[in-house]
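Q: Got a structure here, written out as structure tokens. Questions coming.
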Amino acid sequence: MSFATNQAVVSIGGTSFSAAYLVGASFTAGDLVYVSQQGGSWVIHGALAGVGVNELADANPSFEDSAPGSEPALWVQANVSGSSGAVVQEVAGAPDGTQVASVGSTDTAAAVHYLYSQPRPVTAGWQFSVSASAAGDYQPTDTPTADGALVALWFANSTNLYPVTSSADTVIVTANDLVQQPLYTVLSGTVSAPVTGFMRLALRSSTAGLQRVCWDNVIVRRI
């Protein structure tokens, strides 16, 4: 991907084309980006996490390994504040496959929720590139104020669960006021392990009322 005057230029297999991009989308020239067609026009949603093997490839990164209406297999849930939960939902326009993880409050109160991955061993100083697609899901009269973030959680062993962590949570990237799906924002960034042990990537959803956050296509790559 590169830039021309007032536009971004995407190259796929030697073919280049112009594309608009979502407000708040984060990327630079040369990044690998996620694009989709909306109303006949190409839209850039943001940068994906580098190249190479996805460390979560065997851990249901796009929530396709669970039946709709069930909890996401191989993922763990924790309420940071309030009461909320995650279920798998089949939706049109999912970035990868046909399903997403949909997170929302179990009542009408504000809530902050972690949906976090299986553990991956890390050594202090290792760096990772991470990304995930997120969108809001609102009622017709809602103001779109749901937020999403990618947070690295650090553990002394592979069996401990949040909040029994070995170092402070690392907020990698945040997206505020997520737009209504099927327009997904790609959150991406890098993180360095502060300790030797295990890392789990958390998808943090902040919602109020009947708002929900939809997650898909989670990628973790060592760099």
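Chains: A, B, ... in order of the structure tokens. Residues: from 1 per chain. Ligands: from 1, in order shown.
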I'd like the contact shell of Asp147 (chain A) - 10 Å cut-off, only C-alpha atoms, skipping same-chain residues fewer than 5 positions apart - returned as a short mmCIF file (atom, residue, chain, number, x, y, z; two decimals) with N, CA, C and O atoms, in the first residue's frame.

A:
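Output saved as around-v8.cif:
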```
data_model
loop_
_atom_site.label_atom_id
_atom_site.label_comp_id
_atom_site.auth_asym_id
_atom_site.auth_seq_id
_atom_site.Cartn_x
_atom_site.Cartn_y
_atom_site.Cartn_z
N VAL A 112 -17.14 -3.41 31.07
CA VAL A 112 -15.85 -3.62 30.40
C VAL A 112 -15.53 -5.10 30.49
O VAL A 112 -15.57 -5.68 31.59
N ALA A 134 -12.74 -5.03 14.59
CA ALA A 134 -13.80 -4.76 15.56
C ALA A 134 -14.83 -3.81 14.96
O ALA A 134 -14.49 -2.91 14.18
N ALA A 135 -16.08 -3.99 15.36
CA ALA A 135 -17.17 -3.11 14.93
C ALA A 135 -18.19 -3.02 16.04
O ALA A 135 -18.30 -3.92 16.89
N GLY A 136 -18.96 -1.95 16.03
CA GLY A 136 -20.06 -1.83 16.97
C GLY A 136 -21.32 -2.47 16.43
O GLY A 136 -21.48 -2.66 15.22
N THR A 174 -6.21 1.20 21.06
CA THR A 174 -7.61 1.42 21.40
C THR A 174 -8.32 2.08 20.24
O THR A 174 -7.76 2.94 19.55
N ALA A 175 -9.57 1.69 19.99
CA ALA A 175 -10.42 2.35 19.00
C ALA A 175 -11.70 2.78 19.70
O ALA A 175 -12.42 1.94 20.27
N ASN A 176 -11.99 4.08 19.67
CA ASN A 176 -13.17 4.63 20.32
C ASN A 176 -14.31 4.82 19.33
O ASN A 176 -14.08 5.05 18.13
N ASP A 177 -15.53 4.73 19.84
CA ASP A 177 -16.74 4.99 19.04
C ASP A 177 -16.75 4.15 17.76
O ASP A 177 -16.81 4.67 16.64
N LEU A 178 -16.66 2.84 17.94
CA LEU A 178 -16.64 1.93 16.80
C LEU A 178 -17.88 2.11 15.93
O LEU A 178 -18.99 2.28 16.43
N VAL A 179 -17.68 2.06 14.61
CA VAL A 179 -18.80 2.22 13.69
C VAL A 179 -19.62 0.95 13.63
O VAL A 179 -19.18 -0.14 14.02
N ARG A 204 -10.61 -6.24 24.50
CA ARG A 204 -11.34 -5.51 25.53
C ARG A 204 -12.50 -4.74 24.91
O ARG A 204 -12.32 -3.95 23.99
N SER A 205 -13.71 -5.00 25.41
CA SER A 205 -14.92 -4.33 24.92
C SER A 205 -15.49 -3.46 26.01
O SER A 205 -15.67 -3.92 27.14
N SER A 206 -15.77 -2.21 25.67
CA SER A 206 -16.41 -1.28 26.61
C SER A 206 -17.75 -0.86 26.01
O SER A 206 -17.80 -0.23 24.95
N THR A 207 -18.83 -1.24 26.68
CA THR A 207 -20.17 -1.02 26.14
C THR A 207 -21.08 -0.42 27.19
O THR A 207 -20.78 -0.45 28.39
N ALA A 208 -22.21 0.10 26.73
CA ALA A 208 -23.24 0.62 27.62
C ALA A 208 -24.60 0.28 27.02
O ALA A 208 -24.75 0.15 25.81
N ARG A 212 -23.15 -3.63 21.58
CA ARG A 212 -22.29 -4.79 21.51
C ARG A 212 -21.06 -4.45 20.66
O ARG A 212 -21.10 -3.55 19.82
N VAL A 213 -19.98 -5.20 20.89
CA VAL A 213 -18.78 -5.10 20.07
C VAL A 213 -18.56 -6.45 19.39
O VAL A 213 -18.58 -7.49 20.05
#
```

Q: Near Val103 (chain A), counting only C-alpha atoms, which residues have an atom at most 12 Å away, once you skip same-chain residues fewer than 6 positions from it, shown as a PyMOL selection string?

A: chain A and resi 69-72+77-79+83-89+111-115+134-138+146-148+203-208+210-216

Q: Contacts of Thr170 (chain A) at 10 Å or less, counting only C-alpha atoms, minus same-chain residues fewer than 3 places along, as a PDB file with N, CA and C atoms, in the first residue's frame?

A:
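Once written, result-v2.pdb looks like this:
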```
ATOM      1  N   LEU A 150      -6.980  -3.755  22.166  1.00  0.00           N
ATOM      2  CA  LEU A 150      -6.165  -4.961  22.265  1.00  0.00           C
ATOM      3  C   LEU A 150      -5.244  -4.793  23.462  1.00  0.00           C
ATOM      4  N   VAL A 151      -5.266  -5.777  24.359  1.00  0.00           N
ATOM      5  CA  VAL A 151      -4.517  -5.697  25.611  1.00  0.00           C
ATOM      6  C   VAL A 151      -3.729  -6.987  25.789  1.00  0.00           C
ATOM      7  N   ALA A 152      -2.438  -6.874  26.069  1.00  0.00           N
ATOM      8  CA  ALA A 152      -1.607  -8.050  26.358  1.00  0.00           C
ATOM      9  C   ALA A 152      -1.647  -8.336  27.852  1.00  0.00           C
ATOM     10  N   LEU A 153      -1.950  -9.575  28.193  1.00  0.00           N
ATOM     11  CA  LEU A 153      -1.971 -10.032  29.577  1.00  0.00           C
ATOM     12  C   LEU A 153      -0.785 -10.970  29.795  1.00  0.00           C
ATOM     13  N   TRP A 154      -0.116 -10.840  30.946  1.00  0.00           N
ATOM     14  CA  TRP A 154       1.121 -11.581  31.216  1.00  0.00           C
ATOM     15  C   TRP A 154       0.920 -12.493  32.415  1.00  0.00           C
ATOM     16  N   SER A 167       2.465  -9.340  35.540  1.00  0.00           N
ATOM     17  CA  SER A 167       2.903  -7.986  35.233  1.00  0.00           C
ATOM     18  C   SER A 167       1.661  -7.190  34.843  1.00  0.00           C
ATOM     19  N   VAL A 173      -3.467  -0.975  21.718  1.00  0.00           N
ATOM     20  CA  VAL A 173      -4.140  -0.029  20.828  1.00  0.00           C
ATOM     21  C   VAL A 173      -5.611   0.031  21.228  1.00  0.00           C
ATOM     22  N   VAL A 191       3.882  -5.040  20.632  1.00  0.00           N
ATOM     23  CA  VAL A 191       4.070  -5.117  22.078  1.00  0.00           C
ATOM     24  C   VAL A 191       5.334  -5.908  22.374  1.00  0.00           C
ATOM     25  N   SER A 192       6.042  -5.501  23.418  1.00  0.00           N
ATOM     26  CA  SER A 192       7.227  -6.222  23.887  1.00  0.00           C
ATOM     27  C   SER A 192       6.910  -6.892  25.216  1.00  0.00           C
ATOM     28  N   ALA A 193       7.330  -8.138  25.354  1.00  0.00           N
ATOM     29  CA  ALA A 193       7.081  -8.866  26.603  1.00  0.00           C
ATOM     30  C   ALA A 193       7.936  -8.274  27.722  1.00  0.00           C
ATOM     31  N   PRO A 194       7.307  -7.828  28.841  1.00  0.00           N
ATOM     32  CA  PRO A 194       8.087  -7.266  29.939  1.00  0.00           C
ATOM     33  C   PRO A 194       8.682  -8.337  30.854  1.00  0.00           C
ATOM     34  N   LEU A 201      -3.610 -12.634  24.564  1.00  0.00           N
ATOM     35  CA  LEU A 201      -4.111 -11.398  23.976  1.00  0.00           C
ATOM     36  C   LEU A 201      -5.581 -11.237  24.329  1.00  0.00           C
ATOM     37  N   ALA A 202      -5.912 -10.097  24.939  1.00  0.00           N
ATOM     38  CA  ALA A 202      -7.287  -9.819  25.330  1.00  0.00           C
ATOM     39  C   ALA A 202      -7.926  -8.838  24.361  1.00  0.00           C
TER      40      ALA A 202
END
```

Q: Please indicate the distance in Å from CA of Arg221 (chain A) to CA of Leu56 (chain A), rounded to one decimal place.

A: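 Computed distance, CA of Arg221 (chain A) to CA of Leu56 (chain A), equals 8.5 Å.
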
Q: Using only C-alpha atoms, which residue out of A:Ala8, A:Ala59, A:Leu161, A:Val130 lies closest to Thr190 (chain A)?

A: A:Val130

Q: For Gln118 (chain A), list every protein, DNA or RNA residue within 10 Å, evaluated using only C-alpha atoms, and leave out those in the same chain fewer than 6 positions away; present the list as a list in words.

A: Glu55, Leu56, Asp58, Ala59, Asn60, Leu74, Trp75, Val76, Ser158, Thr159, Phe198, Met199, Arg200, Leu201 and Ala202 of chain A

Q: Write the residues of the preceding selection, restricted to C-alpha atoms, as an mmCIF file, in the first residue's frame.

A:
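Writing the result to again34.cif gives the following:
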```cif
data_model
loop_
_atom_site.group_PDB
_atom_site.id
_atom_site.type_symbol
_atom_site.label_atom_id
_atom_site.label_comp_id
_atom_site.auth_asym_id
_atom_site.auth_seq_id
_atom_site.Cartn_x
_atom_site.Cartn_y
_atom_site.Cartn_z
ATOM 1 C CA GLU A 55 0.453 -17.652 16.726
ATOM 2 C CA LEU A 56 -3.303 -18.132 17.265
ATOM 3 C CA ASP A 58 -4.802 -23.235 16.129
ATOM 4 C CA ALA A 59 -6.843 -21.287 18.697
ATOM 5 C CA ASN A 60 -10.001 -20.218 16.850
ATOM 6 C CA LEU A 74 -10.646 -21.798 23.160
ATOM 7 C CA TRP A 75 -11.203 -18.264 24.475
ATOM 8 C CA VAL A 76 -11.611 -17.182 28.109
ATOM 9 C CA SER A 158 0.057 -21.441 31.275
ATOM 10 C CA THR A 159 -2.778 -22.247 33.690
ATOM 11 C CA PHE A 198 3.139 -16.526 29.012
ATOM 12 C CA MET A 199 1.121 -13.975 27.053
ATOM 13 C CA ARG A 200 -2.586 -13.995 26.310
ATOM 14 C CA LEU A 201 -4.111 -11.398 23.976
ATOM 15 C CA ALA A 202 -7.287 -9.819 25.330
#
```

Q: Looking at only C-alpha atoms, which of A:Thr141, A:Asn157, A:Ser18, A:Ser166 is the one that sits closest to Trp42 (chain A)?

A: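 Counting only C-alpha atoms, the residue closest to Trp42 (chain A) is A:Ser18.
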
Q: Can you work out the spacing between CA of Thr123 (chain A) and CA of Asn160 (chain A) in Å, to one decimal?

A: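 One can read the CA of Thr123 (chain A) to CA of Asn160 (chain A) distance as 17.1 Å.
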
Q: Would you kindly return, as a PyMOL selection string, each protein, DNA or RNA residue with an atom no farther than 6 Å from any atom of region 182-187 of chain A, considering only C-alpha atoms and excluding same-chain residues fewer than 4 positions away?

A: chain A and resi 45-46+93+131-135

Q: For Trp126 (chain A), which residue out of A:Gly197, A:Gly82, A:Gly209, A:Gly52 is the nearest one, using only C-alpha atoms?

A: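 Answer, going by the shortest atom-to-atom distance: A:Gly197.
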
Q: In region 3-199 of chain A, what's strand (DSSP E or B) per DSSP? Answer as a ChimeraX atom specification?

A: /A:3-4,7-12,15-21,33-38,41-47,76-81,84-90,99-105,111-116,120-122,127-137,147-155,167-175,180,185-192,197-199

Q: Ranking A:Ala20, A:Ile44, A:Ile219, A:Val195 by minimum distance to Phe155 (chain A) and counting only C-alpha atoms, which one comes first?

A: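 Of A:Ala20, A:Ile44, A:Ile219, A:Val195, the one nearest Phe155 (chain A), counting only C-alpha atoms, is A:Val195.
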
Q: What is the CA of Phe63 (chain A)-CA of Val122 (chain A) distance in Å, reported with one decimal?

A: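 Atom-to-atom, CA of Phe63 (chain A) and CA of Val122 (chain A) are spaced 24.0 Å apart.
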